file structure03.cif (mmCIF, C-alpha atoms)
data_run
#
loop_
_atom_site.group_PDB
_atom_site.id
_atom_site.type_symbol
_atom_site.label_atom_id
_atom_site.label_comp_id
_atom_site.auth_asym_id
_atom_site.auth_seq_id
_atom_site.Cartn_x
_atom_site.Cartn_y
_atom_site.Cartn_z
ATOM 1 C CA MET R 1 0.000 0.000 0.000
ATOM 2 C CA ALA R 2 3.039 2.252 0.496
ATOM 3 C CA ASN R 3 1.794 5.780 1.272
ATOM 4 C CA ARG R 4 -1.050 5.743 -1.233
ATOM 5 C CA GLU R 5 -4.055 8.002 -0.593
ATOM 6 C CA ASN R 6 -7.731 7.016 -0.688
ATOM 7 C CA VAL R 7 -7.194 3.320 -0.064
ATOM 8 C CA GLY R 8 -10.519 1.496 0.042
ATOM 9 C CA GLN R 9 -10.847 -0.624 3.182
ATOM 10 C CA HIS R 10 -13.687 -3.040 3.881
ATOM 11 C CA VAL R 11 -15.902 -2.326 6.878
ATOM 12 C CA VAL R 12 -17.217 -5.875 6.449
ATOM 13 C CA PRO R 13 -14.592 -8.589 5.722
ATOM 14 C CA GLU R 14 -14.468 -9.577 2.058
ATOM 15 C CA CYS R 15 -14.153 -13.224 3.111
ATOM 16 C CA TYR R 16 -17.557 -12.786 4.811
ATOM 17 C CA LEU R 17 -19.192 -10.814 2.021
ATOM 18 C CA LYS R 18 -18.392 -13.265 -0.755
ATOM 19 C CA HIS R 19 -20.449 -16.061 0.795
ATOM 20 C CA PHE R 20 -23.598 -14.017 0.148
ATOM 21 C CA GLY R 21 -22.948 -14.176 -3.584
ATOM 22 C CA GLY R 22 -25.176 -16.084 -6.003
ATOM 23 C CA THR R 23 -24.041 -18.950 -8.206
ATOM 24 C CA ASP R 24 -21.984 -16.506 -10.317
ATOM 25 C CA GLY R 25 -20.564 -14.740 -7.246
ATOM 26 C CA THR R 26 -22.777 -11.664 -7.658
ATOM 27 C CA ILE R 27 -24.109 -10.109 -4.449
ATOM 28 C CA GLN R 28 -27.264 -7.994 -4.337
ATOM 29 C CA PHE R 29 -26.529 -4.811 -2.397
ATOM 30 C CA GLN R 30 -29.420 -2.633 -1.240
ATOM 31 C CA GLU R 31 -28.923 0.982 -0.230
ATOM 32 C CA LYS R 32 -30.655 1.585 3.063
ATOM 33 C CA ALA R 33 -31.421 5.222 2.289
ATOM 34 C CA THR R 34 -33.025 4.703 -1.123
ATOM 35 C CA GLY R 35 -33.963 1.012 -1.299
ATOM 36 C CA ARG R 36 -32.111 0.763 -4.619
ATOM 37 C CA ILE R 37 -30.657 -2.693 -5.333
ATOM 38 C CA ILE R 38 -27.299 -2.921 -7.108
ATOM 39 C CA PRO R 39 -25.692 -6.235 -8.191
ATOM 40 C CA SER R 40 -21.931 -6.327 -7.665
ATOM 41 C CA GLY R 41 -18.960 -8.388 -6.595
ATOM 42 C CA PRO R 42 -17.672 -8.209 -3.006
ATOM 43 C CA GLY R 43 -14.921 -5.720 -3.805
ATOM 44 C CA ALA R 44 -17.088 -2.698 -4.589
ATOM 45 C CA PHE R 45 -19.343 -2.186 -1.553
ATOM 46 C CA CYS R 46 -19.056 -1.996 2.235
ATOM 47 C CA LYS R 47 -15.797 -0.097 1.782
ATOM 48 C CA GLU R 48 -14.651 3.279 3.047
ATOM 49 C CA LYS R 49 -11.630 5.364 2.104
ATOM 50 C CA GLU R 50 -8.863 4.901 4.658
ATOM 51 C CA ILE R 51 -11.244 4.228 7.518
ATOM 52 C CA TYR R 52 -8.541 2.273 9.389
ATOM 53 C CA THR R 53 -5.609 4.464 8.312
ATOM 54 C CA LEU R 54 -3.645 6.484 10.871
ATOM 55 C CA ILE R 55 -1.407 9.405 9.957
ATOM 56 C CA VAL R 56 1.917 9.027 11.779
ATOM 57 C CA ASP R 57 4.710 11.551 11.145
ATOM 58 C CA GLY R 58 2.938 12.647 7.996
ATOM 59 C CA LYS R 59 2.789 9.129 6.579
ATOM 60 C CA ARG R 60 -0.045 6.673 6.338
ATOM 61 C CA ASN R 61 0.083 3.800 8.802
ATOM 62 C CA PHE R 62 -1.911 0.690 7.878
ATOM 63 C CA SER R 63 -1.269 -1.336 11.029
ATOM 64 C CA PHE R 64 -4.965 -1.503 11.923
ATOM 65 C CA GLU R 65 -5.904 -2.706 8.459
ATOM 66 C CA SER R 66 -3.239 -5.393 8.944
ATOM 67 C CA ILE R 67 -5.033 -6.539 12.094
ATOM 68 C CA ASN R 68 -8.200 -7.036 10.058
ATOM 69 C CA ASN R 69 -6.268 -8.878 7.364
ATOM 70 C CA ASP R 70 -4.853 -11.303 9.934
ATOM 71 C CA ILE R 71 -8.331 -11.977 11.313
ATOM 72 C CA GLU R 72 -9.726 -12.536 7.814
ATOM 73 C CA SER R 73 -6.966 -15.015 6.965
ATOM 74 C CA ALA R 74 -7.880 -17.104 10.002
ATOM 75 C CA LEU R 75 -11.647 -16.878 9.481
ATOM 76 C CA GLY R 76 -11.800 -17.466 5.741
ATOM 77 C CA PRO R 77 -11.519 -21.282 5.835
ATOM 78 C CA VAL R 78 -14.086 -21.554 8.662
ATOM 79 C CA LEU R 79 -16.643 -19.417 6.821
ATOM 80 C CA LYS R 80 -16.143 -21.549 3.725
ATOM 81 C CA GLU R 81 -16.642 -24.721 5.768
ATOM 82 C CA LEU R 82 -19.905 -23.346 7.162
ATOM 83 C CA CYS R 83 -21.333 -23.199 3.644
ATOM 84 C CA GLY R 84 -21.531 -26.992 3.672
ATOM 85 C CA PRO R 85 -22.752 -29.610 6.150
ATOM 86 C CA ILE R 86 -21.070 -29.415 9.561
ATOM 87 C CA ASP R 87 -20.852 -32.316 12.011
ATOM 88 C CA LEU R 88 -20.944 -30.656 15.418
ATOM 89 C CA ASN R 89 -20.811 -34.044 17.103
ATOM 90 C CA ILE R 90 -17.048 -33.967 16.525
ATOM 91 C CA ILE R 91 -15.629 -32.152 19.558
ATOM 92 C CA ASP R 92 -12.665 -30.572 17.771
ATOM 93 C CA VAL R 93 -14.869 -29.321 14.940
ATOM 94 C CA LYS R 94 -17.298 -27.796 17.420
ATOM 95 C CA ARG R 95 -14.501 -26.094 19.359
ATOM 96 C CA ILE R 96 -12.821 -24.636 16.265
ATOM 97 C CA ILE R 97 -16.075 -23.446 14.703
ATOM 98 C CA PHE R 98 -17.434 -21.608 17.722
ATOM 99 C CA THR R 99 -14.061 -20.178 18.793
ATOM 100 C CA HIS R 100 -13.623 -18.638 15.349
ATOM 101 C CA LEU R 101 -17.226 -17.439 15.330
ATOM 102 C CA ALA R 102 -16.579 -15.640 18.626
ATOM 103 C CA ALA R 103 -13.666 -13.808 16.980
ATOM 104 C CA LEU R 104 -15.775 -12.986 13.912
ATOM 105 C CA THR R 105 -18.654 -11.686 16.036
ATOM 106 C CA ALA R 106 -16.327 -9.497 18.107
ATOM 107 C CA ASN R 107 -14.489 -8.112 15.071
ATOM 108 C CA LEU R 108 -17.700 -7.242 13.225
ATOM 109 C CA ILE R 109 -18.957 -5.396 16.306
ATOM 110 C CA ALA R 110 -15.712 -3.389 16.457
ATOM 111 C CA ARG R 111 -15.749 -2.606 12.717
ATOM 112 C CA SER R 112 -19.302 -1.297 12.771
ATOM 113 C CA ARG R 113 -18.393 1.040 15.643
ATOM 114 C CA VAL R 114 -15.509 2.392 13.592
ATOM 115 C CA LEU R 115 -17.851 3.069 10.672
ATOM 116 C CA ARG R 116 -20.456 4.805 12.810
ATOM 117 C CA THR R 117 -17.760 6.939 14.444
ATOM 118 C CA SER R 118 -16.203 7.880 11.109
ATOM 119 C CA MET R 119 -19.562 9.119 9.846
ATOM 120 C CA ASP R 120 -19.553 11.932 12.419
ATOM 121 C CA ASN R 121 -16.076 13.025 11.204
ATOM 122 C CA SER R 122 -14.464 12.496 14.607
ATOM 123 C CA LEU R 123 -11.635 10.197 13.506
ATOM 124 C CA ASP R 124 -9.551 12.818 11.673
ATOM 125 C CA CYS R 125 -9.225 14.882 14.845
ATOM 126 C CA ILE R 126 -8.384 11.770 16.836
ATOM 127 C CA ASN R 127 -5.646 10.729 14.377
ATOM 128 C CA THR R 128 -4.083 14.181 14.581
ATOM 129 C CA PHE R 129 -4.368 14.365 18.345
ATOM 130 C CA LEU R 130 -2.763 10.975 19.011
ATOM 131 C CA THR R 131 0.016 11.587 16.509
ATOM 132 C CA ASP R 132 0.889 14.867 18.192
ATOM 133 C CA HIS R 133 0.573 13.473 21.717
ATOM 134 C CA PRO R 134 1.774 9.838 21.807
ATOM 135 C CA ASP R 135 2.131 9.975 25.605
ATOM 136 C CA PHE R 136 -1.593 10.579 26.098
ATOM 137 C CA PHE R 137 -2.132 7.284 27.962
ATOM 138 C CA ASP R 138 1.164 7.260 29.882
ATOM 139 C CA ASP R 139 -0.333 8.085 33.291
ATOM 140 C CA PHE R 140 -3.534 6.124 32.905
ATOM 141 C CA PRO R 141 -3.707 3.671 35.871
ATOM 142 C CA ASP R 142 -4.051 0.095 34.678
ATOM 143 C CA ASP R 143 -7.231 -0.624 36.614
ATOM 144 C CA GLU R 144 -8.899 2.447 35.129
ATOM 145 C CA TYR R 145 -7.616 1.459 31.676
ATOM 146 C CA GLN R 146 -9.314 -1.912 32.049
ATOM 147 C CA LYS R 147 -12.550 -0.177 33.050
ATOM 148 C CA PHE R 148 -12.199 1.959 29.933
ATOM 149 C CA LEU R 149 -11.975 -1.188 27.779
ATOM 150 C CA GLN R 150 -15.023 -2.688 29.449
ATOM 151 C CA ASN R 151 -17.216 0.410 29.385
ATOM 152 C CA PRO R 152 -16.327 2.953 26.692
ATOM 153 C CA GLN R 153 -19.399 5.025 27.462
ATOM 154 C CA ALA R 154 -17.789 5.941 30.799
ATOM 155 C CA TYR R 155 -14.585 7.047 29.063
ATOM 156 C CA PRO R 156 -14.772 10.797 29.811
ATOM 157 C CA GLU R 157 -15.523 10.173 33.473
ATOM 158 C CA LEU R 158 -12.612 7.742 33.753
ATOM 159 C CA LEU R 159 -10.182 10.057 31.996
ATOM 160 C CA LYS R 160 -11.017 12.758 34.480
ATOM 161 C CA LYS R 161 -9.360 10.589 37.141
ATOM 162 C CA PHE R 162 -5.953 10.073 35.562
ATOM 163 C CA PRO R 163 -3.196 12.644 36.248
ATOM 164 C CA GLY R 164 -2.213 13.367 32.653
ATOM 165 C CA GLY R 165 -5.748 14.240 31.611
ATOM 166 C CA THR R 166 -5.598 17.817 32.829
ATOM 167 C CA ASN R 167 -2.445 18.428 30.779
ATOM 168 C CA TYR R 168 -4.491 18.221 27.590
ATOM 169 C CA LEU R 169 -7.542 20.233 28.545
ATOM 170 C CA GLY R 170 -6.486 23.265 26.526
ATOM 171 C CA ILE R 171 -5.822 21.187 23.417
ATOM 172 C CA LEU R 172 -9.021 19.225 23.781
ATOM 173 C CA ARG R 173 -10.938 22.446 24.326
ATOM 174 C CA ASP R 174 -9.633 23.759 21.004
ATOM 175 C CA LEU R 175 -10.593 20.558 19.203
ATOM 176 C CA ASN R 176 -14.031 20.732 20.779
ATOM 177 C CA GLU R 177 -14.622 24.394 19.983
ATOM 178 C CA LEU R 178 -17.552 23.639 17.648
ATOM 179 C CA ASN R 179 -19.481 22.460 20.713
ATOM 180 C CA PRO R 180 -18.254 24.687 23.553
ATOM 181 C CA ALA R 181 -19.205 23.852 27.100
ATOM 182 C CA PRO R 182 -21.808 26.071 28.769
ATOM 183 C CA PRO R 183 -20.349 28.156 31.633
ATOM 184 C CA ASP R 184 -21.976 25.986 34.289
ATOM 185 C CA VAL R 185 -20.858 22.617 32.844
ATOM 186 C CA ASP R 186 -17.780 20.679 33.989
ATOM 187 C CA ASP R 187 -15.044 21.701 31.538
ATOM 188 C CA THR R 188 -13.186 18.413 31.822
ATOM 189 C CA ILE R 189 -16.096 16.267 30.743
ATOM 190 C CA GLU R 190 -17.099 18.519 27.862
ATOM 191 C CA CYS R 191 -13.566 18.752 26.477
ATOM 192 C CA LEU R 192 -13.061 15.025 26.641
ATOM 193 C CA LYS R 193 -16.166 14.389 24.560
ATOM 194 C CA THR R 194 -13.963 15.003 21.530
ATOM 195 C CA VAL R 195 -11.972 11.859 22.179
ATOM 196 C CA LYS R 196 -14.424 9.524 23.875
ATOM 197 C CA PHE R 197 -14.827 7.334 20.762
ATOM 198 C CA MET R 198 -11.148 7.006 19.839
ATOM 199 C CA HIS R 199 -10.948 3.432 21.124
ATOM 200 C CA TYR R 200 -13.124 2.144 18.298
ATOM 201 C CA GLN R 201 -10.322 2.700 15.818
ATOM 202 C CA VAL R 202 -7.104 2.963 17.790
ATOM 203 C CA LEU R 203 -8.015 0.015 19.989
ATOM 204 C CA LEU R 204 -9.689 -2.039 17.261
ATOM 205 C CA LYS R 205 -7.597 -5.075 18.156
ATOM 206 C CA ALA R 206 -8.138 -4.595 21.891
ATOM 207 C CA ARG R 207 -11.887 -4.182 21.474
ATOM 208 C CA THR R 208 -12.099 -7.254 19.250
ATOM 209 C CA GLY R 209 -9.999 -9.200 21.736
ATOM 210 C CA ALA R 210 -11.899 -7.989 24.808
ATOM 211 C CA THR R 211 -15.255 -9.192 23.473
ATOM 212 C CA ALA R 212 -13.913 -12.461 22.077
ATOM 213 C CA GLU R 213 -12.003 -13.252 25.263
ATOM 214 C CA LEU R 214 -15.100 -12.554 27.368
ATOM 215 C CA MET R 215 -17.138 -14.937 25.203
ATOM 216 C CA VAL R 216 -14.524 -17.677 25.557
ATOM 217 C CA GLU R 217 -13.979 -17.038 29.282
ATOM 218 C CA ILE R 218 -17.650 -17.334 30.205
ATOM 219 C CA GLY R 219 -18.224 -20.176 27.746
ATOM 220 C CA ALA R 220 -20.777 -18.274 25.685
ATOM 221 C CA LYS R 221 -23.223 -20.791 24.224
ATOM 222 C CA ALA R 222 -24.628 -20.784 20.718
ATOM 223 C CA ASP R 223 -26.488 -22.717 18.054
ATOM 224 C CA LEU R 224 -26.216 -22.663 14.281
ATOM 225 C CA LEU R 225 -29.522 -21.740 12.644
ATOM 226 C CA THR R 226 -30.271 -23.113 9.177
ATOM 227 C CA THR R 227 -32.775 -22.372 6.423
ATOM 228 C CA ASP R 228 -33.257 -23.333 2.781
ATOM 229 C CA THR R 229 -35.855 -20.751 1.866
ATOM 230 C CA PRO R 230 -36.391 -17.941 2.651
ATOM 231 C CA ARG R 231 -32.713 -17.135 3.033
ATOM 232 C CA PHE R 232 -30.783 -14.985 5.489
ATOM 233 C CA ILE R 233 -29.562 -11.531 4.476
ATOM 234 C CA SER R 234 -26.827 -9.466 6.110
ATOM 235 C CA GLY R 235 -25.599 -5.879 6.309
ATOM 236 C CA ASP R 236 -22.762 -3.549 7.261
ATOM 237 C CA ASP R 237 -23.680 -3.815 10.969
ATOM 238 C CA PRO R 238 -24.713 -7.474 11.031
ATOM 239 C CA VAL R 239 -24.446 -8.357 14.728
ATOM 240 C CA ILE R 240 -27.878 -7.970 16.332
ATOM 241 C CA PHE R 241 -28.287 -7.793 20.122
ATOM 242 C CA LEU R 242 -31.700 -8.929 21.337
ATOM 243 C CA THR R 243 -33.598 -8.634 24.595
ATOM 244 C CA ASN R 244 -36.915 -10.501 24.749
ATOM 245 C CA ASP R 245 -36.620 -10.946 20.954
ATOM 246 C CA VAL R 246 -36.488 -7.173 20.421
ATOM 247 C CA ARG R 247 -33.446 -5.508 18.826
ATOM 248 C CA GLU R 248 -31.363 -3.387 21.190
ATOM 249 C CA THR R 249 -29.901 -0.110 19.922
ATOM 250 C CA LYS R 250 -27.621 0.869 22.816
ATOM 251 C CA VAL R 251 -25.194 -1.921 23.557
ATOM 252 C CA ILE R 252 -21.994 -2.510 25.531
ATOM 253 C CA PRO R 253 -20.661 -5.740 23.938
ATOM 254 C CA THR R 254 -18.554 -6.652 26.971
ATOM 255 C CA ASP R 255 -21.567 -6.545 29.300
ATOM 256 C CA VAL R 256 -21.694 -10.185 30.364
ATOM 257 C CA ARG R 257 -25.486 -10.117 30.537
ATOM 258 C CA HIS R 258 -25.770 -10.143 26.738
ATOM 259 C CA TRP R 259 -24.146 -13.568 26.679
ATOM 260 C CA THR R 260 -25.484 -15.210 29.857
ATOM 261 C CA GLU R 261 -29.070 -14.119 30.531
ATOM 262 C CA THR R 262 -31.799 -16.337 29.117
ATOM 263 C CA ASN R 263 -33.912 -13.456 27.797
ATOM 264 C CA ARG R 264 -31.009 -12.111 25.719
ATOM 265 C CA ALA R 265 -29.350 -13.284 22.522
ATOM 266 C CA VAL R 266 -26.871 -12.132 19.870
ATOM 267 C CA TYR R 267 -27.614 -12.969 16.237
ATOM 268 C CA LEU R 268 -25.229 -12.996 13.260
ATOM 269 C CA PRO R 269 -26.022 -14.296 9.738
ATOM 270 C CA LEU R 270 -23.078 -16.237 8.272
ATOM 271 C CA ASN R 271 -24.315 -17.013 4.755
ATOM 272 C CA PRO R 272 -27.735 -17.243 3.061
ATOM 273 C CA ASN R 273 -28.441 -20.606 4.701
ATOM 274 C CA THR R 274 -26.679 -20.371 8.068
ATOM 275 C CA ALA R 275 -26.603 -17.997 11.042
ATOM 276 C CA VAL R 276 -25.229 -18.188 14.561
ATOM 277 C CA LEU R 277 -27.343 -17.346 17.611
ATOM 278 C CA TRP R 278 -25.432 -16.743 20.835
ATOM 279 C CA THR R 279 -27.805 -17.530 23.686
ATOM 280 C CA ALA R 280 -27.650 -18.928 27.205
ATOM 281 C CA ASP R 281 -29.986 -21.673 26.000
ATOM 282 C CA GLY R 282 -27.622 -22.717 23.202
ATOM 283 C CA ASN R 283 -26.368 -26.305 22.945
ATOM 284 C CA TYR R 284 -23.792 -25.967 20.125
ATOM 285 C CA ILE R 285 -26.136 -27.738 17.747
ATOM 286 C CA THR R 286 -27.485 -27.092 14.264
ATOM 287 C CA ARG R 287 -31.227 -26.484 14.125
ATOM 288 C CA PRO R 288 -33.638 -25.258 11.444
ATOM 289 C CA VAL R 289 -35.666 -22.103 11.968
ATOM 290 C CA SER R 290 -39.127 -21.215 10.721
ATOM 291 C CA HIS R 291 -39.872 -18.996 7.740
ATOM 292 C CA GLU R 292 -41.299 -16.443 10.139
ATOM 293 C CA ASP R 293 -38.084 -16.333 12.151
ATOM 294 C CA VAL R 294 -35.961 -15.861 9.025
ATOM 295 C CA TRP R 295 -38.071 -12.874 7.924
ATOM 296 C CA ARG R 296 -37.996 -11.489 11.467
ATOM 297 C CA TYR R 297 -34.206 -11.699 11.639
ATOM 298 C CA ASN R 298 -33.896 -10.185 8.162
ATOM 299 C CA GLU R 299 -36.033 -7.208 9.148
ATOM 300 C CA MET R 300 -33.792 -6.575 12.152
ATOM 301 C CA VAL R 301 -30.709 -6.745 9.920
ATOM 302 C CA LYS R 302 -32.283 -4.048 7.724
ATOM 303 C CA GLU R 303 -33.045 -1.882 10.751
ATOM 304 C CA ASN R 304 -29.534 -2.291 12.158
ATOM 305 C CA ALA R 305 -27.730 -1.568 8.880
ATOM 306 C CA ILE R 306 -25.775 1.660 8.472
ATOM 307 C CA ARG R 307 -25.602 2.072 4.686
ATOM 308 C CA HIS R 308 -26.110 -1.290 2.991
ATOM 309 C CA VAL R 309 -27.773 -4.653 3.361
ATOM 310 C CA PHE R 310 -26.866 -7.489 1.037
ATOM 311 C CA ALA R 311 -28.242 -10.833 -0.080
ATOM 312 C CA SER R 312 -27.735 -13.676 -2.498
ATOM 313 C CA GLY R 313 -30.889 -12.863 -4.464
ATOM 314 C CA ARG R 314 -33.187 -9.831 -4.853
ATOM 315 C CA SER R 315 -36.184 -11.745 -3.525
ATOM 316 C CA ASP R 316 -34.341 -12.391 -0.227
ATOM 317 C CA PHE R 317 -34.965 -8.756 0.769
ATOM 318 C CA GLY R 318 -38.679 -9.524 0.938
ATOM 319 C CA PRO R 319 -41.659 -7.595 -0.406
#

call {"tool": "encode", "arguments": {"input": "structure03.cif", "output": "structure tokens"}}
result
Amino acid sequence: MANRENVGQHVVPECYLKHFGGTDGTIQFQEKATGRIIPSGPGAFCKEKEIYTLIVDGKRNFSFESINNDIESALGPVLKELCGPIDLNIIDVKRIIFTHLAALTANLIARSRVLRTSMDNSLDCINTFLTDHPDFFDDFPDDEYQKFLQNPQAYPELLKKFPGGTNYLGILRDLNELNPAPPDVDDTIECLKTVKFMHYQVLLKARTGATAELMVEIGAKADLLTTDTPRFISGDDPVIFLTNDVRETKVIPTDVRHWTETNRAVYLPLNPNTAVLWTADGNYITRPVSHEDVWRYNEMVKENAIRHVFASGRSDFGP
């Protein structure tokens, strides 16, 4: 990639996208905003210009894109295997499949957060800020840093506690000047709002790892869901968190309750005929789902999508 500008980087892994292609490899992409359906190969959609690129010393750094490439290399063979019959009675097969699916689920969650953050134009300021101030985290106590990883929404409050935070208030205030703090509002918290989402890109690997490790540590249970017709669709934010079968919109992926409480579940379509459902009631088995459930899951995928949903055939999007 050298130092090339405007590099297109997938917000959904290409090794995942391609399994939603038809017999000729063509995928049907639907624009969420317009409903327009466009047939294409996996290389043209669900991409953003330099969404994972950092600017370091005036040069483009692709280390975070490399993290995604490493994950894709490991997941590619598993996703291909899931397109055919899987014997989950074989212990090693079961272990490999669901361990890799935990990594895929976690990485897709992290990628979608990066995309949503980039859409509010916050990442350019974050890249510049971290490049200019590489010691930003030097005085962050480890226990607070771990809390930060577990609960990003509390990030500004946690940063207020670490000694180095006050050193950057002036700089952060300048970066946040488009939304100045009212006179009666805590200056620290308002200034830190500028950087509260930086972890979604800069800590892409850590966020992926934190969720995946939690799933493995608690022994998150799951089943593979199968259908012949109608078929599953997917989108650019394909991981759906459910509570009482209703899609959640405000989610902390490392909240253990998502993975352990019986009224909660996490859904991810894997290809037109297979999906994974993480649920406390899971038994690591393959089970068919009803037509009604397929359409219900597909509707939630549409609702959760950011820019695009995609399918193997036009009719899979429904009426």

call {"tool": "resolve_selection", "arguments": {"input": "structure03.cif", "expression": "the PyMOL selection byres ((chain R and resi 99) around 10)", "output": "compact mmCIF listing (two decimals) with C-alpha atoms, keeping the file's coordinate frame"}}
result
# COMPACT_ATOMS: atom_id res chain seq x y z
CA VAL R 93 -14.87 -29.32 14.94
CA LYS R 94 -17.30 -27.80 17.42
CA ARG R 95 -14.50 -26.09 19.36
CA ILE R 96 -12.82 -24.64 16.26
CA ILE R 97 -16.08 -23.45 14.70
CA PHE R 98 -17.43 -21.61 17.72
CA HIS R 100 -13.62 -18.64 15.35
CA LEU R 101 -17.23 -17.44 15.33
CA ALA R 102 -16.58 -15.64 18.63
CA ALA R 103 -13.67 -13.81 16.98
CA LEU R 104 -15.78 -12.99 13.91
CA ALA R 212 -13.91 -12.46 22.08
CA GLU R 213 -12.00 -13.25 25.26
CA MET R 215 -17.14 -14.94 25.20
CA VAL R 216 -14.52 -17.68 25.56
CA GLY R 219 -18.22 -20.18 27.75
CA ALA R 220 -20.78 -18.27 25.68

call {"tool": "atom_distance", "arguments": {"input": "structure03.cif", "atom1": "CA of Arg113 in chain R", "atom2": "CA of Trp278 in chain R"}}
result
19.8 Å

call {"tool": "atom_distance", "arguments": {"input": "structure03.cif", "atom1": "CA of Gly22 in chain R", "atom2": "CA of Ser312 in chain R"}}
result
5.0 Å

call {"tool": "residues_around", "arguments": {"input": "structure03.cif", "residues": "Tyr284 in chain R", "least_positions_apart": "4", "cutoff": "7 Å", "atoms": "all atoms listed in the file", "output": "PyMOL selection string"}}
result
chain R and resi 221-223

call {"tool": "resolve_selection", "arguments": {"input": "structure03.cif", "expression": "the PyMOL selection byres ((chain R and resi 6-18) around 9)", "output": "JSON, numbers by chain"}}
result
{"R": [1, 4, 5, 19, 20, 21, 25, 26, 27, 41, 42, 43, 45, 46, 47, 48, 49, 50, 51, 52, 53, 65, 68, 69, 72, 73, 75, 76, 77, 79, 80, 108, 111, 112, 114, 115, 234, 235, 236, 237, 238, 270, 271, 310]}

call {"tool": "atom_distance", "arguments": {"input": "structure03.cif", "atom1": "CA of Ala106 in chain R", "atom2": "CA of Glu81 in chain R"}}
result
19.6 Å

call {"tool": "resolve_selection", "arguments": {"input": "structure03.cif", "expression": "the PyMOL selection byres ((chain R and resi 247) around 10)", "output": "PyMOL selection string"}}
result
chain R and resi 240-246+248-250+264-267+297+300-301+303-304
